[in-house]
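Chemist: Take a look at this one; I'll ask things after.
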Amino acid sequence: MVRHVYIHVPFCARRCAYCDFSIAVRRVVPVDEYVGALTREMDLRFPNAAAWKVDTLYFGGGTPSRLGGAGVAKMLEQLRQRIALTPDAEVTLETNPEDVDAESVARWRDAGINRLSLGSQSFDDRVLSWMHRSHDTSAIERAVEVVRTAGIDNISLDLIFALPEGVERSWEHDVTRALALEPSHLSLYGLTIEPHTPMGRWKGRGELNESPDDRYESEFLHAHDALTSAGFDHYEVSNFGRDGKRSRHNSAYWTGVPYAGLGPSAHEFDGGTRRWNVGPYAEWVARLSRQTDPIESSEALTESNRIAESVYLGLRTRDGLRVTDAEKERIARWIDAGWATYVEPDRIVLTPLGWLRLDALAADLTLVRSHY
Ligand code: SF4
């Protein structure tokens, strides 16, 4: 039974300089074409979806808010004809500040959106312009006010840290400005420069370098200290929630439960196999107009994949990972180094210092676990 659904809405006004997501840049968003293809995908791939009781529904992108007030309402109306949402379902819309106005937010709220994830990234207009974001700081503040006035108070802000050497930015100032808006949730991502992005090309021309490790570390640790002091729970390596406001949708990914994914490039997992759709928007639409499955490929998890994944997922959250006696000798070194603590006799949680080494520690434990 599917309880978690991800819908990818690929439209963006333009490409941000760091972005390598599957997007479709459109000045005018083809709302009817998109919603038509989405409902065809639902009917083609999930004819028995009426039996689902969906606990989390997440519209990600791209920029789902580009569908506008009426577009989001139409999409939800079509989905509700095919799936049932639980009475307290978490329904999240990723939103860019420039798409937020009182009329659109009212439509989103009335359609059932009860959580907004607002792409903020920085509170420094020079940095926003350098990233090719299509909003400024005042638009973020205005958006939060409009959303809250409309009665949606579950608001998450995204910020990017660890900018390249030479890019001036006060991370402390950005964290303070974000806190002043009193969001219920924050997601913080260290910038990675992917090759096929504008920033990747700037790097290729020698115009910028990745953030030095010490900048990454000091900004990550500053965020941990500032946000936990302000009452946030640092419940996953990149995520902070206040008053129990964890992202229930993302938490489902981290516990390895099944979820369905629809839309171009969307991924899904049925508990044993991952599948993902074709990425380009036009190809996804074309396949569905021919009533052809838009799945591009799939991968069944092997036993070694399963071990690696369960270790990685466990270590990235504050719920932690159950460890065996055979692993405790290795873990003792992590405890001595301040990278992990025991929260139960057989369960460890990484500390912020440990999260800075998440990949290496997960690989280390996976190796141990794969040999017995
Ligand atoms: S708005 Fe988001 S998805 Fe769109 S280009 Fe920018 S980072 Fe990528």
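In the structure tokens, each chain is lettered A, B, ... as it comes, each chain's residues begin at 1, and ligands are numbered from 1 in order of appearance.
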Using only C-alpha atoms and all ligand atoms, which residues of the polymer chains come no farther than 7 Å from ligand 1? I'd like the answer as a PyMOL selection string.
Modeler: chain A and resi 12+14-16+18-21+23+61-63+96+133
Chemist: Generate a file of the selected residues that holds N, CA and C atoms, formatted as a PDB file, in the first residue's frame.
Modeler:
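Once written, out.pdb looks like this:
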ATOM      1  N   CYS A  12      10.547  26.053 -14.435  1.00  0.00           N
ATOM      2  CA  CYS A  12      11.281  27.144 -13.771  1.00  0.00           C
ATOM      3  C   CYS A  12      11.315  28.330 -14.720  1.00  0.00           C
ATOM      4  N   ARG A  14      13.903  30.344 -15.014  1.00  0.00           N
ATOM      5  CA  ARG A  14      15.229  30.237 -15.639  1.00  0.00           C
ATOM      6  C   ARG A  14      16.055  29.299 -14.774  1.00  0.00           C
ATOM      7  N   ARG A  15      17.253  28.942 -15.263  1.00  0.00           N
ATOM      8  CA  ARG A  15      18.052  27.982 -14.493  1.00  0.00           C
ATOM      9  C   ARG A  15      18.983  28.718 -13.531  1.00  0.00           C
ATOM     10  N   CYS A  16      18.917  28.349 -12.259  1.00  0.00           N
ATOM     11  CA  CYS A  16      19.862  28.916 -11.287  1.00  0.00           C
ATOM     12  C   CYS A  16      21.259  28.373 -11.606  1.00  0.00           C
ATOM     13  N   TYR A  18      23.621  27.014 -10.074  1.00  0.00           N
ATOM     14  CA  TYR A  18      24.157  25.789  -9.460  1.00  0.00           C
ATOM     15  C   TYR A  18      23.299  24.568  -9.757  1.00  0.00           C
ATOM     16  N   CYS A  19      22.196  24.732 -10.488  1.00  0.00           N
ATOM     17  CA  CYS A  19      21.148  23.704 -10.517  1.00  0.00           C
ATOM     18  C   CYS A  19      21.381  22.660 -11.606  1.00  0.00           C
ATOM     19  N   ASP A  20      21.348  21.381 -11.210  1.00  0.00           N
ATOM     20  CA  ASP A  20      21.410  20.315 -12.224  1.00  0.00           C
ATOM     21  C   ASP A  20      20.162  19.421 -12.162  1.00  0.00           C
ATOM     22  N   PHE A  21      19.059  19.968 -11.618  1.00  0.00           N
ATOM     23  CA  PHE A  21      17.817  19.189 -11.583  1.00  0.00           C
ATOM     24  C   PHE A  21      17.223  19.100 -12.984  1.00  0.00           C
ATOM     25  N   ILE A  23      14.695  20.147 -15.190  1.00  0.00           N
ATOM     26  CA  ILE A  23      13.719  21.244 -15.221  1.00  0.00           C
ATOM     27  C   ILE A  23      13.334  21.560 -16.669  1.00  0.00           C
ATOM     28  N   GLY A  61      10.320  20.049  -7.424  1.00  0.00           N
ATOM     29  CA  GLY A  61      10.637  20.470  -8.795  1.00  0.00           C
ATOM     30  C   GLY A  61      12.113  20.624  -9.045  1.00  0.00           C
ATOM     31  N   GLY A  62      12.349  21.475 -10.062  1.00  0.00           N
ATOM     32  CA  GLY A  62      11.484  22.485 -10.657  1.00  0.00           C
ATOM     33  C   GLY A  62      10.867  23.420  -9.614  1.00  0.00           C
ATOM     34  N   THR A  63       9.844  24.098 -10.039  1.00  0.00           N
ATOM     35  CA  THR A  63       9.162  25.045  -9.157  1.00  0.00           C
ATOM     36  C   THR A  63       7.652  24.836  -9.287  1.00  0.00           C
ATOM     37  N   ASN A  96       8.713  29.205  -4.999  1.00  0.00           N
ATOM     38  CA  ASN A  96       9.700  30.277  -5.057  1.00  0.00           C
ATOM     39  C   ASN A  96       9.032  31.587  -4.636  1.00  0.00           C
ATOM     40  N   ARG A 133      19.371  33.540  -8.930  1.00  0.00           N
ATOM     41  CA  ARG A 133      18.024  33.364  -8.387  1.00  0.00           C
ATOM     42  C   ARG A 133      17.136  34.472  -8.936  1.00  0.00           C
TER      43      ARG A 133
END
Chemist: Within 6 Å of segment 122-130 of chain A, counting only C-alpha atoms, which residues show up once you throw out same-chain ones fewer than 5 positions away? Write them as JSON, numbers by chain, please.
Modeler: {"A": [136, 137, 159, 174]}
Chemist: Please build the interface table for segment 46-165 of chain A against segment 219-234 of chain A with a cut-off of 12 Å, listing for each qualifying residue the nearest atom pair and the distance in Å to one decimal; count only C-alpha atoms, order rows by chain and increasing number, and write it as a Markdown table.
Modeler:
| residue | atom | partner | partner_atom | distance |
| --- | --- | --- | --- | --- |
| A:Leu159 | CA | A:Ala223 | CA | 10.6 |
| A:Ile160 | CA | A:Glu219 | CA | 10.3 |
| A:Phe161 | CA | A:Glu219 | CA | 6.8 |
| A:Ala162 | CA | A:Glu219 | CA | 6.8 |
| A:Leu163 | CA | A:Glu219 | CA | 10.0 |
Chemist: Taking all heavy atoms for each residue, export the selection above as a short mmCIF file (atom, residue, chain, number, x, y, z; two decimals), in the first residue's frame.
Modeler:
data_model
loop_
_atom_site.label_atom_id
_atom_site.label_comp_id
_atom_site.auth_asym_id
_atom_site.auth_seq_id
_atom_site.Cartn_x
_atom_site.Cartn_y
_atom_site.Cartn_z
N LEU A 159 18.29 27.01 2.63
CA LEU A 159 19.46 27.90 2.51
C LEU A 159 20.63 27.09 1.97
O LEU A 159 20.74 25.89 2.25
CB LEU A 159 19.86 28.47 3.87
CG LEU A 159 18.92 29.48 4.55
CD1 LEU A 159 19.50 29.86 5.92
CD2 LEU A 159 18.75 30.74 3.70
N ILE A 160 21.50 27.74 1.23
CA ILE A 160 22.72 27.09 0.72
C ILE A 160 23.93 27.67 1.43
O ILE A 160 24.06 28.90 1.53
CB ILE A 160 22.85 27.30 -0.80
CG1 ILE A 160 21.69 26.60 -1.52
CG2 ILE A 160 24.18 26.75 -1.32
CD1 ILE A 160 21.71 26.74 -3.04
N PHE A 161 24.79 26.78 1.94
CA PHE A 161 26.01 27.26 2.59
C PHE A 161 27.23 26.75 1.83
O PHE A 161 27.11 26.10 0.80
CB PHE A 161 26.03 26.86 4.08
CG PHE A 161 26.17 25.38 4.35
CD1 PHE A 161 27.40 24.83 4.68
CD2 PHE A 161 25.06 24.55 4.31
CE1 PHE A 161 27.53 23.46 4.95
CE2 PHE A 161 25.17 23.19 4.57
CZ PHE A 161 26.41 22.65 4.89
N ALA A 162 28.40 27.07 2.36
CA ALA A 162 29.67 26.64 1.76
C ALA A 162 29.81 27.13 0.32
O ALA A 162 30.00 26.35 -0.61
CB ALA A 162 29.81 25.12 1.83
N LEU A 163 29.71 28.44 0.17
CA LEU A 163 29.91 29.03 -1.17
C LEU A 163 31.40 29.03 -1.51
O LEU A 163 32.25 28.93 -0.63
CB LEU A 163 29.33 30.44 -1.20
CG LEU A 163 27.84 30.54 -0.88
CD1 LEU A 163 27.34 31.97 -1.06
CD2 LEU A 163 27.02 29.59 -1.73
#
Chemist: Would you mind writing down, as an MDAnalysis selection string, each residue of segment 74-309 of chain A that DSSP on the backbone assigns to alpha helix (DSSP H)?
Modeler: chainID A and resid 74:80 102:111 125:130 137:149 171:180 198:204 213:229 248:254 281:289 303:309
Chemist: Contacts between segment 42-55 of chain A and segment 219-323 of chain A, please, where a residue of segment 219-323 of chain A counts if it comes within 12 Å (with only C-alpha atoms); show its shortest atom pair and distance in Å to one decimal, rows by chain and ascending number, as a Markdown table.
Modeler:
| residue | atom | partner | partner_atom | distance |
| --- | --- | --- | --- | --- |
| A:Ser247 | CA | A:Asp55 | CA | 11.8 |
| A:Arg248 | CA | A:Asp55 | CA | 8.6 |
| A:His249 | CA | A:Asp55 | CA | 8.3 |
| A:Asn250 | CA | A:Asp55 | CA | 11.9 |
| A:Ser251 | CA | A:Asp55 | CA | 11.9 |
| A:Ala252 | CA | A:Asp55 | CA | 10.0 |
| A:Pro258 | CA | A:Val54 | CA | 11.6 |
| A:Tyr259 | CA | A:Val54 | CA | 9.8 |
| A:Ala260 | CA | A:Phe46 | CA | 9.3 |
| A:Gly261 | CA | A:Met42 | CA | 9.8 |
| A:Leu262 | CA | A:Met42 | CA | 7.5 |
| A:Gly263 | CA | A:Met42 | CA | 9.5 |
| A:Asn277 | CA | A:Arg45 | CA | 11.5 |
| A:Arg287 | CA | A:Leu44 | CA | 11.2 |
| A:Leu288 | CA | A:Leu44 | CA | 8.5 |
| A:Ser289 | CA | A:Leu44 | CA | 10.9 |
| A:Arg290 | CA | A:Leu44 | CA | 10.9 |
| A:Gln291 | CA | A:Leu44 | CA | 7.1 |
| A:Thr292 | CA | A:Leu44 | CA | 8.1 |
| A:Asp293 | CA | A:Arg45 | CA | 7.2 |
| A:Pro294 | CA | A:Arg45 | CA | 9.0 |
| A:Ile295 | CA | A:Arg45 | CA | 9.5 |
Chemist: Within 8 Å of Ile348 of chain A, counting only C-alpha atoms, which residues show up once you throw out same-chain ones fewer than 3 positions away? Write them as a ChimeraX atom specification, please.
Modeler: /A:320-323,340-344
Chemist: Just checking: using only C-alpha atoms, which residue out of A:Leu313, A:Ala282, A:Val237, A:Ala363 ends up closest to Val25 of chain A?
Modeler: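 Of A:Leu313, A:Ala282, A:Val237, A:Ala363, the one nearest Val25 of chain A is A:Ala282, counting only C-alpha atoms.
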Chemist: To test your reading of the structure, identify every residue in segment 250-339 of chain A that backbone DSSP assigns to strand (DSSP E or B), and report it as a ChimeraX atom specification.
Modeler: /A:259-262,267-269,273-277,295-300,317,321-322
Chemist: Could you jot down the atom CA of Ser156 of chain A to atom CA of Ser187 of chain A separation for me, Å, one decimal place?
Modeler: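 One can read the atom CA of Ser156 of chain A to atom CA of Ser187 of chain A distance as 7.2 Å.
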Chemist: Which residue is closest to Ile155 of chain A? Choose from A:Leu186, A:Ile83, A:Ile140, A:Met131 and count only C-alpha atoms.
Modeler: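 Under the stated criterion, the closest residue is A:Leu186.
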Chemist: Check the smallest atom-to-atom distance from each of A:Gly204, A:Ala139, A:Ser211, A:Ser120 to Pro183 of chain A using only C-alpha atoms, then report the winner.
Modeler: A:Ser120
Chemist: May I have the residues within 10 Å of Arg306 of chain A as a list in words, using only C-alpha atoms and disregarding those fewer than 6 positions away in the same chain?
Modeler: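 Listed by chain and then number, they are Gly256, Gly272, Ala300, Tyr312 and Thr366 of chain A.
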Chemist: Could you tell me how far atom CA of Ile307 of chain A sits from atom CA of Asp336 of chain A, in Å to one decimal place?
Modeler: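 Separation of atom CA of Asp336 of chain A and atom CA of Ile307 of chain A: 24.8 Å.
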Chemist: Could you tell me which of A:Leu116, A:Leu208, A:Asp158, A:Asp270 comes closest to Tyr253 of chain A if we count only C-alpha atoms?
Modeler: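 Under the stated criterion, the closest residue is A:Asp270.
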Chemist: For Glu309 of chain A, please output as a PDB file with C-alpha atoms, in the first residue's frame all residues within 10 Å (counting only C-alpha atoms; exclusion window: fewer than 4 positions along the same chain).
Modeler:
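Okay, this is what ended up in around.pdb:
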ATOM      1  CA  TRP A 254      15.033   7.942   5.222  1.00  0.00           C
ATOM      2  CA  THR A 255      13.249   4.966   6.713  1.00  0.00           C
ATOM      3  CA  GLY A 256      13.206   3.060   3.431  1.00  0.00           C
ATOM      4  CA  LEU A 301      18.330  -3.590  -4.696  1.00  0.00           C
ATOM      5  CA  GLU A 303      21.747  -7.524  -0.609  1.00  0.00           C
ATOM      6  CA  SER A 304      24.884  -5.380  -0.591  1.00  0.00           C
ATOM      7  CA  ASN A 305      22.882  -2.332  -1.786  1.00  0.00           C
ATOM      8  CA  LEU A 313      20.024   6.147   6.010  1.00  0.00           C
ATOM      9  CA  GLY A 314      20.357   5.231   9.685  1.00  0.00           C
ATOM     10  CA  LEU A 315      23.455   7.342  10.213  1.00  0.00           C
ATOM     11  CA  ALA A 362      28.853   4.943   6.359  1.00  0.00           C
ATOM     12  CA  THR A 366      29.110  -0.964   5.476  1.00  0.00           C
TER      13      THR A 366
END
